[in-house]
Amino acid sequence: MKIQSILIATAFLGSAWGPGKPSEKEKPNIILIMADDMGYGDLGCYGQKMIQTPNIDALAKGGLRFTTYYAGNTVCAPSREALLTGMHTGHTSIRGNFLTDEKEDPAMPSEKVTVAELLKGAGYHTALIGKWGLGGEGHSPETQGFDYSYGYLDQIQAHNYFPPFLYENGKKVMLEQNADGKKGAYSHHLFVDKTLRFLENSAKEPFFLYLPYTIPHGEHVIPDNSAYAGKDWPAQFKNYAAMITQLDSDIGRIMQMLKEKGLDKNTLVLFTSDNGANPGFAKFFRSNGVFRGNKTNLYEGGIREPMIAYWPGKIKAGQVTGHVAAGWDVLPTICQAAGIKAPAGIDGVSFYPGLLGTGKQAIHPYLYWEYYTYNYNWNKPDATMPRNWLDSRALRFDHWKAIVKSTPTDLAGKIELYDLAKDSTETTDLAATHPEVVKRAKGLLQAATKANAPYFPYKH
């Protein structure tokens with residue numbers, strides 16, 4: 001079934017390019033950079049005043065910046081599946097972060113078709129450097145279309161920036177510099193070194209490089225926070241800011257390498273984040289902008305994220321768009337850029353026409369999210385509480401946003417309704433005064449999800 005899907009997709013090569021398909025040299029390289037737990041407001045180009053991000057700001061100035069782009073989910077694992085498969089979390093297999101009895105993430109089912117598999121079938125060399133987060137040993141990126149990978153497999157290990165080992169092409173590689181608790185090798189630095197090495201050797205064929213870097217996710221540590229050492233801030237906040245500035249500096253190095261190799265004009269660069277920032281940073285730095293909420297909830301602050309597209313000579317510089325897009329739109333967008341047709345039946349809508357300003361830009365009838373959470377203390381499990389429940393659902397349609405929040409004792413939850421055109425901070429619940437909109441929202445909420453996720457809900 002999976003192989004058939006890939007063959008179907010690659011049979012349509014050239015559909016986005018008009019008659020004929022692009023030659024190998026004409027196919028653009030594609031780099032997808034995704035930060036981890038970085039909020040909408042953490043970048044200068046999105047209003048940040050305290051943290052310096054000149055290189056990412058330059059990408060925005062030289063390309064297209066989205067103001068209404070949403071992550072696939074409010075936590076990392078389901079957001080990553082949505083990004084790679086083009087499906088929203090009413091249709092993904094993973095719909096929350098959780099620990100199994102073996103204390104590691106579940107694997108994304110092998111029959112899921114990723115953008116890497118589609119591009120690989122179209123002649124791309126595919127690589128992932130950073131955090132996979134969609135399965136452990138035996139379920140590494142190589143099983144889902146990546147020719148090369150280096151980094152963490154599961155999200156729990158990725159909390160440690162000085163890990164005793166990482167994985168390269170699915171195989172464990174011990175880091176002697178970090179043996180016995182030593183802190184000699186900072187994982188992010190290793191990722192950037194591997195990235196630059198990949199680019200140094202990438203001139204022979206078109207490539208898709210997926211960079212799900214782990215910073216600024218906690219644990220918030222960095223070898224050098226000197227950029228903010230003089231600030232009268234708690235150490236954690238200095239580190240958080242330094243991590244974002246480190247990411248920005250390294251993106252500058254990547255862009256410089258592209259120029260040196262003569263690859264910049266044939267490379268589409270996309271930058272985003274997997275979900276909103278944590279509450280402390282949202283308050284201190286306004287990391288989630290003006291928006292209500294943060295990581296682990298479906299208010300705007302938990303899911304509205306930066307999206308920047310840069311492609312000199314193709315994307316006109318200095319553009320800002322309010323087009324409403326989401327993580328599951330990335331797959332069809334990349335496919336169209338590569339000249340292949342995305343698989344039928346996905347939830348994503350390509351925003352490629354909007355990048356180049358050519359053709360008609362399709363819009364979503366609605367966007368949908370669902371998020372499961374877990375209530376489980378490994379030291380003192382509470383048998384009276386459900387181990388997992390559908391924490392919340394959210395729906396954006398037109399200018400309306402509907403949210404349904406549940407609790408272990410009220411799984412049905414209550415619907416909230418906000419008019420984002422007038423109330424982007426989701427301050428005033430209008431459910432009581434707009435019953436006709438609530439009725440419409442309930443119908444869409446029911447239609448948007450399928451109970452086909454193998455891991456959710458947990459059995460009590």
# chains A, B, ... in the order shown; residues from 1 in each chain; ligands from 1
$ residues_around --residues "A:Glu426" --least-positions-apart "6" --cutoff "10 Å" --atoms "only C-alpha atoms" --output "PyMOL selection string"
chain A and resi 291-293+299-301+401+416-420
$ write_last_selection --atoms "N, CA and C atoms" --output "mmCIF file, in the first residue's frame"
data_model
loop_
_atom_site.group_PDB
_atom_site.id
_atom_site.type_symbol
_atom_site.label_atom_id
_atom_site.label_comp_id
_atom_site.auth_asym_id
_atom_site.auth_seq_id
_atom_site.Cartn_x
_atom_site.Cartn_y
_atom_site.Cartn_z
ATOM 1 N N PHE A 291 -0.447 36.594 21.852
ATOM 2 C CA PHE A 291 -1.480 35.576 21.874
ATOM 3 C C PHE A 291 -1.615 34.874 23.216
ATOM 4 N N ARG A 292 -2.823 34.474 23.496
ATOM 5 C CA ARG A 292 -3.138 33.707 24.698
ATOM 6 C C ARG A 292 -2.619 32.282 24.546
ATOM 7 N N GLY A 293 -2.162 31.708 25.658
ATOM 8 C CA GLY A 293 -1.798 30.304 25.650
ATOM 9 C C GLY A 293 -0.338 30.048 25.383
ATOM 10 N N TYR A 299 -4.906 27.241 22.341
ATOM 11 C CA TYR A 299 -5.088 28.647 22.067
ATOM 12 C C TYR A 299 -3.990 29.086 21.092
ATOM 13 N N GLU A 300 -4.140 30.282 20.536
ATOM 14 C CA GLU A 300 -3.222 30.728 19.488
ATOM 15 C C GLU A 300 -1.759 30.660 19.916
ATOM 16 N N GLY A 301 -1.469 30.969 21.165
ATOM 17 C CA GLY A 301 -0.084 30.945 21.627
ATOM 18 C C GLY A 301 0.548 29.572 21.619
ATOM 19 N N LYS A 401 -12.785 30.748 15.702
ATOM 20 C CA LYS A 401 -11.960 29.726 16.354
ATOM 21 C C LYS A 401 -12.805 29.071 17.449
ATOM 22 N N GLU A 416 -15.840 26.632 23.398
ATOM 23 C CA GLU A 416 -15.591 28.062 23.465
ATOM 24 C C GLU A 416 -15.515 28.584 22.037
ATOM 25 N N LEU A 417 -15.930 29.825 21.833
ATOM 26 C CA LEU A 417 -15.959 30.394 20.484
ATOM 27 C C LEU A 417 -15.359 31.798 20.506
ATOM 28 N N TYR A 418 -14.429 32.051 19.570
ATOM 29 C CA TYR A 418 -13.765 33.341 19.492
ATOM 30 C C TYR A 418 -13.782 33.864 18.058
ATOM 31 N N ASP A 419 -13.922 35.157 17.937
ATOM 32 C CA ASP A 419 -13.868 35.828 16.642
ATOM 33 C C ASP A 419 -12.459 36.401 16.473
ATOM 34 N N LEU A 420 -11.610 35.672 15.739
ATOM 35 C CA LEU A 420 -10.211 36.070 15.623
ATOM 36 C C LEU A 420 -10.025 37.374 14.862
#
$ select_by_dssp --residues "stretch 203-439 of chain A" --states "helix (DSSP H, G or I)" --output "PyMOL selection string"
chain A and resi 226-228+235-260+264-266+279-284+300-303+327-338+352-356+431-433+435-439
$ atom_distance --atom1 "atom CA of A:Arg80" --atom2 "atom CA of A:Pro212"
9.0 Å
$ atom_distance --atom1 "atom CA of A:Gly181" --atom2 "atom CA of A:Gly133"
23.3 Å
$ closest_residue --among "A:Ala337, A:Leu444, A:Ala71, A:Val349" --to "A:Asn275" --atoms "only C-alpha atoms"
A:Ala71
$ select_by_dssp --residues "stretch 29-85 of chain A" --states "strand (DSSP E or B)" --output "MDAnalysis selection string"
chainID A and resid 29:35 64:70
$ closest_residue --among "A:Ser273, A:Ser406, A:Ser140, A:Ser424" --to "A:Leu153" --atoms "only C-alpha atoms"
A:Ser140
$ decode --residues "stretch 133-273 of chain A" --atoms "C-alpha atoms" --output "PDB file, in the first residue's frame"
ATOM      1  CA  GLY A 133      10.708  12.117  17.539  1.00  0.00           C
ATOM      2  CA  LEU A 134       8.579   9.537  15.684  1.00  0.00           C
ATOM      3  CA  GLY A 135       9.998   6.229  16.844  1.00  0.00           C
ATOM      4  CA  GLY A 136      12.975   4.548  18.483  1.00  0.00           C
ATOM      5  CA  GLU A 137      15.407   1.895  17.318  1.00  0.00           C
ATOM      6  CA  GLY A 138      14.036  -0.020  14.354  1.00  0.00           C
ATOM      7  CA  HIS A 139      11.803   2.917  13.442  1.00  0.00           C
ATOM      8  CA  SER A 140      14.447   5.505  12.552  1.00  0.00           C
ATOM      9  CA  PRO A 141      14.206   8.021   9.682  1.00  0.00           C
ATOM     10  CA  GLU A 142      15.681   5.505   7.203  1.00  0.00           C
ATOM     11  CA  THR A 143      12.453   3.514   7.457  1.00  0.00           C
ATOM     12  CA  GLN A 144      10.507   6.575   6.290  1.00  0.00           C
ATOM     13  CA  GLY A 145      12.446   7.787   3.272  1.00  0.00           C
ATOM     14  CA  PHE A 146      15.601   9.463   4.571  1.00  0.00           C
ATOM     15  CA  ASP A 147      18.853   8.429   2.921  1.00  0.00           C
ATOM     16  CA  TYR A 148      20.858   9.871   5.793  1.00  0.00           C
ATOM     17  CA  SER A 149      20.074  10.807   9.364  1.00  0.00           C
ATOM     18  CA  TYR A 150      21.931  11.954  12.445  1.00  0.00           C
ATOM     19  CA  GLY A 151      20.536  12.881  15.820  1.00  0.00           C
ATOM     20  CA  TYR A 152      18.034  11.818  18.447  1.00  0.00           C
ATOM     21  CA  LEU A 153      15.362   9.238  17.775  1.00  0.00           C
ATOM     22  CA  ASP A 154      12.950   9.806  20.655  1.00  0.00           C
ATOM     23  CA  GLN A 155      11.987  13.045  22.344  1.00  0.00           C
ATOM     24  CA  ILE A 156      12.940  11.936  25.865  1.00  0.00           C
ATOM     25  CA  GLN A 157      16.595  11.470  24.940  1.00  0.00           C
ATOM     26  CA  ALA A 158      16.504  14.858  23.202  1.00  0.00           C
ATOM     27  CA  HIS A 159      16.121  16.626  26.552  1.00  0.00           C
ATOM     28  CA  ASN A 160      19.829  15.995  27.133  1.00  0.00           C
ATOM     29  CA  TYR A 161      22.112  18.340  25.176  1.00  0.00           C
ATOM     30  CA  PHE A 162      25.198  16.363  26.216  1.00  0.00           C
ATOM     31  CA  PRO A 163      23.969  12.850  25.394  1.00  0.00           C
ATOM     32  CA  PRO A 164      26.168   9.776  25.774  1.00  0.00           C
ATOM     33  CA  PHE A 165      25.140   8.725  22.261  1.00  0.00           C
ATOM     34  CA  LEU A 166      23.279   9.787  19.146  1.00  0.00           C
ATOM     35  CA  TYR A 167      22.087   7.811  16.139  1.00  0.00           C
ATOM     36  CA  GLU A 168      23.566   7.910  12.669  1.00  0.00           C
ATOM     37  CA  ASN A 169      21.614   6.096   9.980  1.00  0.00           C
ATOM     38  CA  GLY A 170      19.712   4.256  12.693  1.00  0.00           C
ATOM     39  CA  LYS A 171      22.806   3.023  14.487  1.00  0.00           C
ATOM     40  CA  LYS A 172      23.897   4.158  17.927  1.00  0.00           C
ATOM     41  CA  VAL A 173      27.080   6.242  17.928  1.00  0.00           C
ATOM     42  CA  MET A 174      28.733   6.694  21.324  1.00  0.00           C
ATOM     43  CA  LEU A 175      30.033  10.157  22.161  1.00  0.00           C
ATOM     44  CA  GLU A 176      33.200   9.664  24.170  1.00  0.00           C
ATOM     45  CA  GLN A 177      33.310  13.390  24.974  1.00  0.00           C
ATOM     46  CA  ASN A 178      30.121  12.906  27.026  1.00  0.00           C
ATOM     47  CA  ALA A 179      30.963   9.563  28.632  1.00  0.00           C
ATOM     48  CA  ASP A 180      30.484   9.241  32.384  1.00  0.00           C
ATOM     49  CA  GLY A 181      28.480  12.451  32.591  1.00  0.00           C
ATOM     50  CA  LYS A 182      31.070  14.644  30.911  1.00  0.00           C
ATOM     51  CA  LYS A 183      29.894  17.622  28.854  1.00  0.00           C
ATOM     52  CA  GLY A 184      32.340  17.770  25.999  1.00  0.00           C
ATOM     53  CA  ALA A 185      30.047  17.701  22.979  1.00  0.00           C
ATOM     54  CA  TYR A 186      26.943  19.882  22.708  1.00  0.00           C
ATOM     55  CA  SER A 187      24.471  18.090  20.444  1.00  0.00           C
ATOM     56  CA  HIS A 188      23.373  21.170  18.538  1.00  0.00           C
ATOM     57  CA  HIS A 189      26.965  21.948  17.552  1.00  0.00           C
ATOM     58  CA  LEU A 190      27.288  18.386  16.244  1.00  0.00           C
ATOM     59  CA  PHE A 191      24.110  18.835  14.215  1.00  0.00           C
ATOM     60  CA  VAL A 192      25.384  22.009  12.582  1.00  0.00           C
ATOM     61  CA  ASP A 193      28.729  20.401  11.774  1.00  0.00           C
ATOM     62  CA  LYS A 194      26.909  17.507  10.073  1.00  0.00           C
ATOM     63  CA  THR A 195      24.666  19.973   8.231  1.00  0.00           C
ATOM     64  CA  LEU A 196      27.588  21.925   6.802  1.00  0.00           C
ATOM     65  CA  ARG A 197      29.341  18.706   5.839  1.00  0.00           C
ATOM     66  CA  PHE A 198      26.195  17.560   4.040  1.00  0.00           C
ATOM     67  CA  LEU A 199      26.009  20.829   2.105  1.00  0.00           C
ATOM     68  CA  GLU A 200      29.703  20.656   1.276  1.00  0.00           C
ATOM     69  CA  ASN A 201      29.083  17.343  -0.519  1.00  0.00           C
ATOM     70  CA  SER A 202      25.681  17.998  -2.042  1.00  0.00           C
ATOM     71  CA  ALA A 203      26.355  19.374  -5.513  1.00  0.00           C
ATOM     72  CA  LYS A 204      25.679  16.198  -7.506  1.00  0.00           C
ATOM     73  CA  GLU A 205      21.908  15.781  -7.081  1.00  0.00           C
ATOM     74  CA  PRO A 206      18.940  17.745  -5.754  1.00  0.00           C
ATOM     75  CA  PHE A 207      18.487  17.350  -2.018  1.00  0.00           C
ATOM     76  CA  PHE A 208      15.854  17.632   0.671  1.00  0.00           C
ATOM     77  CA  LEU A 209      17.446  18.546   3.991  1.00  0.00           C
ATOM     78  CA  TYR A 210      15.152  18.445   7.026  1.00  0.00           C
ATOM     79  CA  LEU A 211      16.693  20.161  10.065  1.00  0.00           C
ATOM     80  CA  PRO A 212      14.500  19.630  13.154  1.00  0.00           C
ATOM     81  CA  TYR A 213      17.016  21.155  15.535  1.00  0.00           C
ATOM     82  CA  THR A 214      16.290  20.812  19.246  1.00  0.00           C
ATOM     83  CA  ILE A 215      16.999  24.317  20.510  1.00  0.00           C
ATOM     84  CA  PRO A 216      15.512  26.185  22.331  1.00  0.00           C
ATOM     85  CA  HIS A 217      13.709  23.186  23.890  1.00  0.00           C
ATOM     86  CA  GLY A 218      14.499  22.402  27.521  1.00  0.00           C
ATOM     87  CA  GLU A 219      16.700  21.407  29.239  1.00  0.00           C
ATOM     88  CA  HIS A 220      17.782  25.019  28.770  1.00  0.00           C
ATOM     89  CA  VAL A 221      21.548  24.722  28.741  1.00  0.00           C
ATOM     90  CA  ILE A 222      24.163  26.072  26.355  1.00  0.00           C
ATOM     91  CA  PRO A 223      27.970  26.156  26.624  1.00  0.00           C
ATOM     92  CA  ASP A 224      28.125  29.894  25.996  1.00  0.00           C
ATOM     93  CA  ASN A 225      25.457  32.419  26.977  1.00  0.00           C
ATOM     94  CA  SER A 226      27.870  35.358  26.839  1.00  0.00           C
ATOM     95  CA  ALA A 227      25.634  37.248  24.398  1.00  0.00           C
ATOM     96  CA  TYR A 228      23.297  37.850  27.336  1.00  0.00           C
ATOM     97  CA  ALA A 229      25.706  37.527  30.253  1.00  0.00           C
ATOM     98  CA  GLY A 230      25.335  41.194  31.122  1.00  0.00           C
ATOM     99  CA  LYS A 231      21.557  41.035  31.381  1.00  0.00           C
ATOM    100  CA  ASP A 232      19.937  41.140  34.774  1.00  0.00           C
ATOM    101  CA  TRP A 233      17.927  38.004  33.994  1.00  0.00           C
ATOM    102  CA  PRO A 234      17.650  34.582  35.661  1.00  0.00           C
ATOM    103  CA  ALA A 235      20.137  32.091  34.192  1.00  0.00           C
ATOM    104  CA  GLN A 236      17.408  30.062  32.494  1.00  0.00           C
ATOM    105  CA  PHE A 237      16.247  33.087  30.520  1.00  0.00           C
ATOM    106  CA  LYS A 238      19.791  34.014  29.531  1.00  0.00           C
ATOM    107  CA  ASN A 239      20.233  30.475  28.250  1.00  0.00           C
ATOM    108  CA  TYR A 240      16.940  30.480  26.360  1.00  0.00           C
ATOM    109  CA  ALA A 241      17.835  33.726  24.597  1.00  0.00           C
ATOM    110  CA  ALA A 242      21.353  32.464  23.874  1.00  0.00           C
ATOM    111  CA  MET A 243      19.975  29.256  22.392  1.00  0.00           C
ATOM    112  CA  ILE A 244      17.773  31.172  19.966  1.00  0.00           C
ATOM    113  CA  THR A 245      20.643  33.482  19.029  1.00  0.00           C
ATOM    114  CA  GLN A 246      22.875  30.417  18.540  1.00  0.00           C
ATOM    115  CA  LEU A 247      20.277  28.927  16.211  1.00  0.00           C
ATOM    116  CA  ASP A 248      20.117  32.208  14.343  1.00  0.00           C
ATOM    117  CA  SER A 249      23.909  32.358  13.996  1.00  0.00           C
ATOM    118  CA  ASP A 250      24.031  28.819  12.654  1.00  0.00           C
ATOM    119  CA  ILE A 251      21.317  29.536  10.117  1.00  0.00           C
ATOM    120  CA  GLY A 252      23.568  32.380   8.989  1.00  0.00           C
ATOM    121  CA  ARG A 253      26.375  29.851   8.517  1.00  0.00           C
ATOM    122  CA  ILE A 254      24.073  27.590   6.502  1.00  0.00           C
ATOM    123  CA  MET A 255      23.026  30.443   4.236  1.00  0.00           C
ATOM    124  CA  GLN A 256      26.662  31.466   3.747  1.00  0.00           C
ATOM    125  CA  MET A 257      27.545  27.902   2.771  1.00  0.00           C
ATOM    126  CA  LEU A 258      24.734  27.876   0.204  1.00  0.00           C
ATOM    127  CA  LYS A 259      26.142  31.046  -1.345  1.00  0.00           C
ATOM    128  CA  GLU A 260      29.702  29.739  -1.365  1.00  0.00           C
ATOM    129  CA  LYS A 261      28.588  26.541  -3.089  1.00  0.00           C
ATOM    130  CA  GLY A 262      26.464  28.448  -5.604  1.00  0.00           C
ATOM    131  CA  LEU A 263      23.330  26.724  -4.312  1.00  0.00           C
ATOM    132  CA  ASP A 264      21.394  29.647  -2.866  1.00  0.00           C
ATOM    133  CA  LYS A 265      19.488  30.603  -6.011  1.00  0.00           C
ATOM    134  CA  ASN A 266      18.261  27.054  -6.509  1.00  0.00           C
ATOM    135  CA  THR A 267      17.333  26.331  -2.899  1.00  0.00           C
ATOM    136  CA  LEU A 268      13.981  26.906  -1.229  1.00  0.00           C
ATOM    137  CA  VAL A 269      14.470  27.498   2.498  1.00  0.00           C
ATOM    138  CA  LEU A 270      11.532  27.182   4.906  1.00  0.00           C
ATOM    139  CA  PHE A 271      11.815  28.074   8.582  1.00  0.00           C
ATOM    140  CA  THR A 272       9.257  27.333  11.310  1.00  0.00           C
ATOM    141  CA  SER A 273       8.805  25.870  14.806  1.00  0.00           C
TER     142      SER A 273
END
